$ cat query04.pdb   # PDB, C-alpha atoms
ATOM      1  CA  MET H   1     -11.577  10.669 -24.476  1.00  0.00           C
ATOM      2  CA  ALA H   2      -9.492  10.273 -21.315  1.00  0.00           C
ATOM      3  CA  ASN H   3      -5.784   9.930 -21.935  1.00  0.00           C
ATOM      4  CA  LEU H   4      -4.595   8.833 -18.485  1.00  0.00           C
ATOM      5  CA  ASN H   5      -5.224   5.257 -17.371  1.00  0.00           C
ATOM      6  CA  PHE H   6      -3.749   4.652 -13.911  1.00  0.00           C
ATOM      7  CA  ILE H   7      -1.012   5.573 -11.462  1.00  0.00           C
ATOM      8  CA  TRP H   8       1.348   3.225  -9.650  1.00  0.00           C
ATOM      9  CA  PRO H   9       3.081   4.431  -6.503  1.00  0.00           C
ATOM     10  CA  PHE H  10       6.757   3.459  -6.502  1.00  0.00           C
ATOM     11  CA  PHE H  11       8.124   2.415  -3.110  1.00  0.00           C
ATOM     12  CA  ILE H  12      11.800   1.827  -2.409  1.00  0.00           C
ATOM     13  CA  VAL H  13      11.968  -1.237  -0.157  1.00  0.00           C
ATOM     14  CA  GLU H  14      14.650  -2.793   1.993  1.00  0.00           C
ATOM     15  CA  ASN H  15      13.944  -6.449   1.197  1.00  0.00           C
ATOM     16  CA  LEU H  16      11.869  -7.215  -1.891  1.00  0.00           C
ATOM     17  CA  LYS H  17      10.822 -10.716  -0.812  1.00  0.00           C
ATOM     18  CA  VAL H  18       9.593  -9.498   2.591  1.00  0.00           C
ATOM     19  CA  SER H  19       7.729  -6.595   0.995  1.00  0.00           C
ATOM     20  CA  VAL H  20       6.065  -8.721  -1.678  1.00  0.00           C
ATOM     21  CA  ALA H  21       5.056 -11.296   0.940  1.00  0.00           C
ATOM     22  CA  PHE H  22       3.334  -8.583   3.012  1.00  0.00           C
ATOM     23  CA  TYR H  23       1.230  -7.388   0.083  1.00  0.00           C
ATOM     24  CA  VAL H  24       0.364 -10.893  -1.092  1.00  0.00           C
ATOM     25  CA  ASP H  25      -0.132 -12.686   2.230  1.00  0.00           C
ATOM     26  CA  LYS H  26      -1.621  -9.851   4.291  1.00  0.00           C
ATOM     27  CA  LEU H  27      -3.392  -7.554   1.831  1.00  0.00           C
ATOM     28  CA  GLY H  28      -4.546 -10.089  -0.764  1.00  0.00           C
ATOM     29  CA  PHE H  29      -2.574  -8.590  -3.646  1.00  0.00           C
ATOM     30  CA  GLU H  30      -1.113 -10.656  -6.470  1.00  0.00           C
ATOM     31  CA  VAL H  31       2.319 -10.473  -8.048  1.00  0.00           C
ATOM     32  CA  ARG H  32       1.877  -8.965 -11.493  1.00  0.00           C
ATOM     33  CA  PHE H  33       5.580  -8.840 -12.311  1.00  0.00           C
ATOM     34  CA  ILE H  34       8.815  -9.708 -10.553  1.00  0.00           C
ATOM     35  CA  GLY H  35      12.250  -9.451 -12.081  1.00  0.00           C
ATOM     36  CA  PRO H  36      14.168  -8.889 -14.066  1.00  0.00           C
ATOM     37  CA  ASP H  37      15.636 -12.236 -12.984  1.00  0.00           C
ATOM     38  CA  LYS H  38      13.241 -14.500 -11.056  1.00  0.00           C
ATOM     39  CA  GLU H  39      16.163 -16.047  -9.132  1.00  0.00           C
ATOM     40  CA  ASP H  40      17.455 -12.689  -7.868  1.00  0.00           C
ATOM     41  CA  PRO H  41      14.746 -10.065  -8.464  1.00  0.00           C
ATOM     42  CA  PHE H  42      15.070  -6.456  -7.349  1.00  0.00           C
ATOM     43  CA  TRP H  43      11.696  -5.037  -8.372  1.00  0.00           C
ATOM     44  CA  ALA H  44       8.110  -6.123  -8.534  1.00  0.00           C
ATOM     45  CA  ILE H  45       4.610  -4.947  -9.312  1.00  0.00           C
ATOM     46  CA  VAL H  46       1.913  -6.099  -6.899  1.00  0.00           C
ATOM     47  CA  GLY H  47      -1.751  -5.332  -7.306  1.00  0.00           C
ATOM     48  CA  ARG H  48      -5.325  -6.028  -6.423  1.00  0.00           C
ATOM     49  CA  ASP H  49      -8.407  -5.192  -8.465  1.00  0.00           C
ATOM     50  CA  ASN H  50      -7.575  -2.019 -10.434  1.00  0.00           C
ATOM     51  CA  ILE H  51      -4.585  -0.802  -8.419  1.00  0.00           C
ATOM     52  CA  SER H  52      -0.894  -1.628  -8.506  1.00  0.00           C
ATOM     53  CA  ILE H  53       2.193  -0.662  -6.525  1.00  0.00           C
ATOM     54  CA  MET H  54       5.787  -0.913  -7.728  1.00  0.00           C
ATOM     55  CA  LEU H  55       8.345  -2.132  -5.179  1.00  0.00           C
ATOM     56  CA  LYS H  56      12.080  -1.838  -5.760  1.00  0.00           C
ATOM     57  CA  ALA H  57      15.133  -2.724  -3.685  1.00  0.00           C
ATOM     58  CA  ILE H  58      17.915  -0.398  -4.832  1.00  0.00           C
ATOM     59  CA  THR H  59      21.026  -1.056  -2.702  1.00  0.00           C
ATOM     60  CA  ARG H  60      21.579  -1.765   0.989  1.00  0.00           C
ATOM     61  CA  ASP H  61      22.425   1.882   1.691  1.00  0.00           C
ATOM     62  CA  ILE H  62      19.257   3.250   0.007  1.00  0.00           C
ATOM     63  CA  LYS H  63      16.536   2.810   2.627  1.00  0.00           C
ATOM     64  CA  PRO H  64      12.770   3.388   2.456  1.00  0.00           C
ATOM     65  CA  ILE H  65      11.699   6.891   3.534  1.00  0.00           C
ATOM     66  CA  PRO H  66       7.955   6.903   4.197  1.00  0.00           C
ATOM     67  CA  ASN H  67       6.322  10.339   4.165  1.00  0.00           C
ATOM     68  CA  HIS H  68       5.412  10.326   7.862  1.00  0.00           C
ATOM     69  CA  THR H  69       9.106  10.005   8.767  1.00  0.00           C
ATOM     70  CA  ARG H  70       9.758  13.345   7.072  1.00  0.00           C
ATOM     71  CA  HIS H  71       6.784  15.265   8.413  1.00  0.00           C
ATOM     72  CA  GLU H  72       3.983  14.372  10.837  1.00  0.00           C
ATOM     73  CA  TRP H  73       1.346  15.920   8.579  1.00  0.00           C
ATOM     74  CA  ALA H  74       2.297  13.670   5.683  1.00  0.00           C
ATOM     75  CA  ARG H  75       0.334  10.700   7.044  1.00  0.00           C
ATOM     76  CA  TRP H  76       0.143   8.556   3.942  1.00  0.00           C
ATOM     77  CA  ASP H  77       2.286   7.306   1.115  1.00  0.00           C
ATOM     78  CA  ALA H  78      -0.706   6.134  -0.895  1.00  0.00           C
ATOM     79  CA  TYR H  79      -4.424   6.836  -0.888  1.00  0.00           C
ATOM     80  CA  ILE H  80      -6.223   3.765  -2.182  1.00  0.00           C
ATOM     81  CA  SER H  81      -9.823   4.442  -3.112  1.00  0.00           C
ATOM     82  CA  ALA H  82     -12.113   1.719  -1.791  1.00  0.00           C
ATOM     83  CA  ASN H  83     -15.819   1.585  -2.612  1.00  0.00           C
ATOM     84  CA  ASP H  84     -16.539  -0.323   0.608  1.00  0.00           C
ATOM     85  CA  PRO H  85     -13.823   0.323   3.200  1.00  0.00           C
ATOM     86  CA  ASP H  86     -15.990  -1.328   5.884  1.00  0.00           C
ATOM     87  CA  ALA H  87     -15.964  -4.681   4.049  1.00  0.00           C
ATOM     88  CA  LEU H  88     -12.225  -4.434   3.369  1.00  0.00           C
ATOM     89  CA  TYR H  89     -11.566  -3.579   7.018  1.00  0.00           C
ATOM     90  CA  LYS H  90     -13.560  -6.663   8.052  1.00  0.00           C
ATOM     91  CA  GLU H  91     -11.552  -8.828   5.616  1.00  0.00           C
ATOM     92  CA  TYR H  92      -8.220  -7.494   6.882  1.00  0.00           C
ATOM     93  CA  SER H  93      -9.311  -7.787  10.529  1.00  0.00           C
ATOM     94  CA  ALA H  94     -10.069 -11.472   9.960  1.00  0.00           C
ATOM     95  CA  LYS H  95      -6.488 -11.877   8.649  1.00  0.00           C
ATOM     96  CA  GLY H  96      -5.051 -10.312  11.797  1.00  0.00           C
ATOM     97  CA  ILE H  97      -3.737  -7.156  10.113  1.00  0.00           C
ATOM     98  CA  ALA H  98      -2.345  -4.572  12.542  1.00  0.00           C
ATOM     99  CA  PHE H  99      -3.951  -1.234  11.720  1.00  0.00           C
ATOM    100  CA  ARG H 100      -2.113   2.054  12.085  1.00  0.00           C
ATOM    101  CA  GLN H 101      -5.518   3.710  12.264  1.00  0.00           C
ATOM    102  CA  PRO H 102      -8.731   1.729  12.654  1.00  0.00           C
ATOM    103  CA  LEU H 103     -11.766   2.242  10.465  1.00  0.00           C
ATOM    104  CA  LYS H 104     -13.317   5.634  11.180  1.00  0.00           C
ATOM    105  CA  ASP H 105     -14.695   8.853   9.773  1.00  0.00           C
ATOM    106  CA  ASP H 106     -11.800  11.297  10.028  1.00  0.00           C
ATOM    107  CA  ASN H 107     -11.555  15.089  10.154  1.00  0.00           C
ATOM    108  CA  ASP H 108     -10.673  15.243   6.443  1.00  0.00           C
ATOM    109  CA  GLY H 109     -14.151  14.060   5.435  1.00  0.00           C
ATOM    110  CA  LEU H 110     -12.993  10.529   4.673  1.00  0.00           C
ATOM    111  CA  ARG H 111     -14.061   7.096   5.880  1.00  0.00           C
ATOM    112  CA  GLY H 112     -11.320   4.530   5.960  1.00  0.00           C
ATOM    113  CA  PHE H 113      -8.360   3.020   7.746  1.00  0.00           C
ATOM    114  CA  GLU H 114      -4.574   2.977   7.600  1.00  0.00           C
ATOM    115  CA  VAL H 115      -2.175   0.063   7.257  1.00  0.00           C
ATOM    116  CA  GLU H 116       1.601   0.261   7.529  1.00  0.00           C
ATOM    117  CA  ASP H 117       3.487  -2.080   5.195  1.00  0.00           C
ATOM    118  CA  ALA H 118       6.697  -4.008   5.873  1.00  0.00           C
ATOM    119  CA  ASP H 119       8.828  -0.937   5.045  1.00  0.00           C
ATOM    120  CA  GLY H 120       6.807   1.602   7.012  1.00  0.00           C
ATOM    121  CA  TYR H 121       4.823   3.018   4.085  1.00  0.00           C
ATOM    122  CA  VAL H 122       1.335   3.997   5.160  1.00  0.00           C
ATOM    123  CA  LEU H 123      -1.586   3.063   2.936  1.00  0.00           C
ATOM    124  CA  PHE H 124      -4.989   4.657   3.447  1.00  0.00           C
ATOM    125  CA  PHE H 125      -7.907   2.574   2.197  1.00  0.00           C
ATOM    126  CA  GLY H 126     -11.099   4.571   2.030  1.00  0.00           C
ATOM    127  CA  ARG H 127     -13.401   7.044   0.345  1.00  0.00           C
ATOM    128  CA  PRO H 128     -15.099  10.372   0.989  1.00  0.00           C
ATOM    129  CA  LYS H 129     -17.779  10.061   3.661  1.00  0.00           C
ATOM    130  CA  ALA H 130     -21.305   9.626   2.386  1.00  0.00           C
ATOM    131  CA  ASP H 131     -23.616  12.513   3.225  1.00  0.00           C
TER     132      ASP H 131
END
$ encode --input "query04.pdb" --output "structure tokens"
Amino acid sequence: MANLNFIWPFFIVENLKVSVAFYVDKLGFEVRFIGPDKEDPFWAIVGRDNISIMLKAITRDIKPIPNHTRHEWARWDAYISANDPDALYKEYSAKGIAFRQPLKDDNDGLRGFEVEDADGYVLFFGRPKAD
């Protein structure tokens, strides 16, 4: 019996409300938790389908540090497995999402696309290429 259930990336964000709005309004996520005080929250869990991401504003002097800002080869902060990246790309295109990388088959054997969130974190939505 499997013991592990899921993983949630944890992103430090600059402005929680702006970050949550990006995931909800642009990517179609829902707020699964926000708190601890709804009037002045500092962390949230957003998710869609079977995935979730934790977002937390620490203090004004603790800024987001996406992987690609530390090294050019660290392209992503999260790999999000998508059964049908083509359909998701079409959905996001219709919403006017700006893509960091458009839908394509890349050199790593993956089919998918990249989106940069409000804090510069790069999300890859895709799957291994079908043979």
$ residues_around --input "query04.pdb" --residues "Arg32 (chain H)" --least-positions-apart "6" --cutoff "10 Å" --atoms "all atoms listed in the file" --output "PDB file with C-alpha atoms, in the frame of the given file"
ATOM      1  CA  ALA H  44       8.110  -6.123  -8.534  1.00  0.00           C
ATOM      2  CA  ILE H  45       4.610  -4.947  -9.312  1.00  0.00           C
ATOM      3  CA  VAL H  46       1.913  -6.099  -6.899  1.00  0.00           C
ATOM      4  CA  GLY H  47      -1.751  -5.332  -7.306  1.00  0.00           C
ATOM      5  CA  ARG H  48      -5.325  -6.028  -6.423  1.00  0.00           C
ATOM      6  CA  SER H  52      -0.894  -1.628  -8.506  1.00  0.00           C
ATOM      7  CA  ILE H  53       2.193  -0.662  -6.525  1.00  0.00           C
ATOM      8  CA  MET H  54       5.787  -0.913  -7.728  1.00  0.00           C
TER       9      MET H  54
END
$ resolve_selection --input "query04.pdb" --expression "the PyMOL selection byres ((chain H and resi 111-114) around 8)" --output "PyMOL selection string"
chain H and resi 85-86+89+99-106+109-110+115-116+122-129
$ atom_distance --input "query04.pdb" --atom1 "CA of Arg75 (chain H)" --atom2 "CA of Asp108 (chain H)"
11.9 Å
$ resolve_selection --input "query04.pdb" --expression "the PyMOL selection byres ((chain H and resi 118-121) around 10)" --output "PyMOL selection string"
chain H and resi 11-16+18-23+63-69+75-78+115-117+122-124
$ residues_near_point --input "query04.pdb" --point "(-5.0, 6.0, -11.4)" --cutoff "12 Å" --atoms "all atoms listed in the file" --output "ChimeraX atom specification"
/H:2-9,50-53,78-81
$ atom_distance --input "query04.pdb" --atom1 "CA of Leu88 (chain H)" --atom2 "CA of Phe42 (chain H)"
29.4 Å
$ atom_distance --input "query04.pdb" --atom1 "CA of Pro41 (chain H)" --atom2 "CA of Lys56 (chain H)"
9.1 Å
$ closest_residue --input "query04.pdb" --among "H:Tyr92, H:Phe10, H:Ala74, H:Leu55" --to "Phe33 (chain H)" --atoms "all atoms listed in the file"
H:Leu55
$ axis_aligned_box --input "query04.pdb" --around "region 32-42 of chain H" --padding-each-side "4 Å" --output "AutoDock Vina command-line options"
--center_x 9.7 --center_y -11.3 --center_z -10.7 --size_x 23.6 --size_y 17.6 --size_z 14.7
$ build_atoms --input "query04.pdb" --residues "region 52-77 of chain H" --atoms "N, CA and C atoms" --output "PDB file, in the coordinates of the input"
ATOM      1  N   SER H  52      -2.198  -0.971  -8.554  1.00  0.00           N
ATOM      2  CA  SER H  52      -0.894  -1.628  -8.506  1.00  0.00           C
ATOM      3  C   SER H  52       0.085  -0.736  -7.772  1.00  0.00           C
ATOM      4  N   ILE H  53       1.108  -1.366  -7.198  1.00  0.00           N
ATOM      5  CA  ILE H  53       2.193  -0.662  -6.525  1.00  0.00           C
ATOM      6  C   ILE H  53       3.495  -1.287  -7.007  1.00  0.00           C
ATOM      7  N   MET H  54       4.453  -0.434  -7.363  1.00  0.00           N
ATOM      8  CA  MET H  54       5.787  -0.913  -7.728  1.00  0.00           C
ATOM      9  C   MET H  54       6.653  -0.930  -6.476  1.00  0.00           C
ATOM     10  N   LEU H  55       7.425  -1.986  -6.298  1.00  0.00           N
ATOM     11  CA  LEU H  55       8.345  -2.132  -5.179  1.00  0.00           C
ATOM     12  C   LEU H  55       9.737  -2.374  -5.752  1.00  0.00           C
ATOM     13  N   LYS H  56      10.732  -1.654  -5.222  1.00  0.00           N
ATOM     14  CA  LYS H  56      12.080  -1.838  -5.760  1.00  0.00           C
ATOM     15  C   LYS H  56      13.117  -1.734  -4.650  1.00  0.00           C
ATOM     16  N   ALA H  57      13.978  -2.747  -4.576  1.00  0.00           N
ATOM     17  CA  ALA H  57      15.133  -2.724  -3.685  1.00  0.00           C
ATOM     18  C   ALA H  57      16.298  -2.171  -4.508  1.00  0.00           C
ATOM     19  N   ILE H  58      16.848  -1.068  -4.066  1.00  0.00           N
ATOM     20  CA  ILE H  58      17.915  -0.398  -4.832  1.00  0.00           C
ATOM     21  C   ILE H  58      19.277  -0.971  -4.422  1.00  0.00           C
ATOM     22  N   THR H  59      19.793  -0.527  -3.295  1.00  0.00           N
ATOM     23  CA  THR H  59      21.026  -1.056  -2.702  1.00  0.00           C
ATOM     24  C   THR H  59      20.843  -1.032  -1.192  1.00  0.00           C
ATOM     25  N   ARG H  60      21.715  -1.698  -0.473  1.00  0.00           N
ATOM     26  CA  ARG H  60      21.579  -1.765   0.989  1.00  0.00           C
ATOM     27  C   ARG H  60      21.628  -0.394   1.661  1.00  0.00           C
ATOM     28  N   ASP H  61      22.318   0.566   1.057  1.00  0.00           N
ATOM     29  CA  ASP H  61      22.425   1.882   1.691  1.00  0.00           C
ATOM     30  C   ASP H  61      21.299   2.846   1.288  1.00  0.00           C
ATOM     31  N   ILE H  62      20.432   2.447   0.374  1.00  0.00           N
ATOM     32  CA  ILE H  62      19.257   3.250   0.007  1.00  0.00           C
ATOM     33  C   ILE H  62      18.065   2.639   0.727  1.00  0.00           C
ATOM     34  N   LYS H  63      17.608   3.326   1.774  1.00  0.00           N
ATOM     35  CA  LYS H  63      16.536   2.810   2.627  1.00  0.00           C
ATOM     36  C   LYS H  63      15.195   3.455   2.275  1.00  0.00           C
ATOM     37  N   PRO H  64      14.098   2.793   2.629  1.00  0.00           N
ATOM     38  CA  PRO H  64      12.770   3.388   2.456  1.00  0.00           C
ATOM     39  C   PRO H  64      12.658   4.659   3.305  1.00  0.00           C
ATOM     40  N   ILE H  65      11.947   5.664   2.784  1.00  0.00           N
ATOM     41  CA  ILE H  65      11.699   6.891   3.534  1.00  0.00           C
ATOM     42  C   ILE H  65      10.215   7.229   3.410  1.00  0.00           C
ATOM     43  N   PRO H  66       9.380   6.593   4.234  1.00  0.00           N
ATOM     44  CA  PRO H  66       7.955   6.903   4.197  1.00  0.00           C
ATOM     45  C   PRO H  66       7.698   8.382   4.530  1.00  0.00           C
ATOM     46  N   ASN H  67       6.632   8.921   3.978  1.00  0.00           N
ATOM     47  CA  ASN H  67       6.322  10.339   4.165  1.00  0.00           C
ATOM     48  C   ASN H  67       6.238  10.744   5.629  1.00  0.00           C
ATOM     49  N   HIS H  68       5.606   9.937   6.461  1.00  0.00           N
ATOM     50  CA  HIS H  68       5.412  10.326   7.862  1.00  0.00           C
ATOM     51  C   HIS H  68       6.725  10.454   8.625  1.00  0.00           C
ATOM     52  N   THR H  69       7.812   9.859   8.110  1.00  0.00           N
ATOM     53  CA  THR H  69       9.106  10.005   8.767  1.00  0.00           C
ATOM     54  C   THR H  69       9.738  11.359   8.459  1.00  0.00           C
ATOM     55  N   ARG H  70       9.237  12.026   7.438  1.00  0.00           N
ATOM     56  CA  ARG H  70       9.758  13.345   7.072  1.00  0.00           C
ATOM     57  C   ARG H  70       8.945  14.476   7.650  1.00  0.00           C
ATOM     58  N   HIS H  71       7.634  14.241   7.829  1.00  0.00           N
ATOM     59  CA  HIS H  71       6.784  15.265   8.413  1.00  0.00           C
ATOM     60  C   HIS H  71       5.516  14.626   8.950  1.00  0.00           C
ATOM     61  N   GLU H  72       5.139  14.989  10.182  1.00  0.00           N
ATOM     62  CA  GLU H  72       3.983  14.372  10.837  1.00  0.00           C
ATOM     63  C   GLU H  72       2.680  14.600  10.094  1.00  0.00           C
ATOM     64  N   TRP H  73       2.582  15.641   9.306  1.00  0.00           N
ATOM     65  CA  TRP H  73       1.346  15.920   8.579  1.00  0.00           C
ATOM     66  C   TRP H  73       1.235  15.106   7.300  1.00  0.00           C
ATOM     67  N   ALA H  74       2.310  14.506   6.889  1.00  0.00           N
ATOM     68  CA  ALA H  74       2.297  13.670   5.683  1.00  0.00           C
ATOM     69  C   ALA H  74       1.995  12.233   6.114  1.00  0.00           C
ATOM     70  N   ARG H  75       0.728  11.976   6.440  1.00  0.00           N
ATOM     71  CA  ARG H  75       0.334  10.700   7.044  1.00  0.00           C
ATOM     72  C   ARG H  75       0.481   9.508   6.117  1.00  0.00           C
ATOM     73  N   TRP H  76       0.234   9.701   4.854  1.00  0.00           N
ATOM     74  CA  TRP H  76       0.143   8.556   3.942  1.00  0.00           C
ATOM     75  C   TRP H  76       1.183   8.612   2.842  1.00  0.00           C
ATOM     76  N   ASP H  77       1.467   7.434   2.324  1.00  0.00           N
ATOM     77  CA  ASP H  77       2.286   7.306   1.115  1.00  0.00           C
ATOM     78  C   ASP H  77       1.423   6.956  -0.079  1.00  0.00           C
TER      79      ASP H  77
END
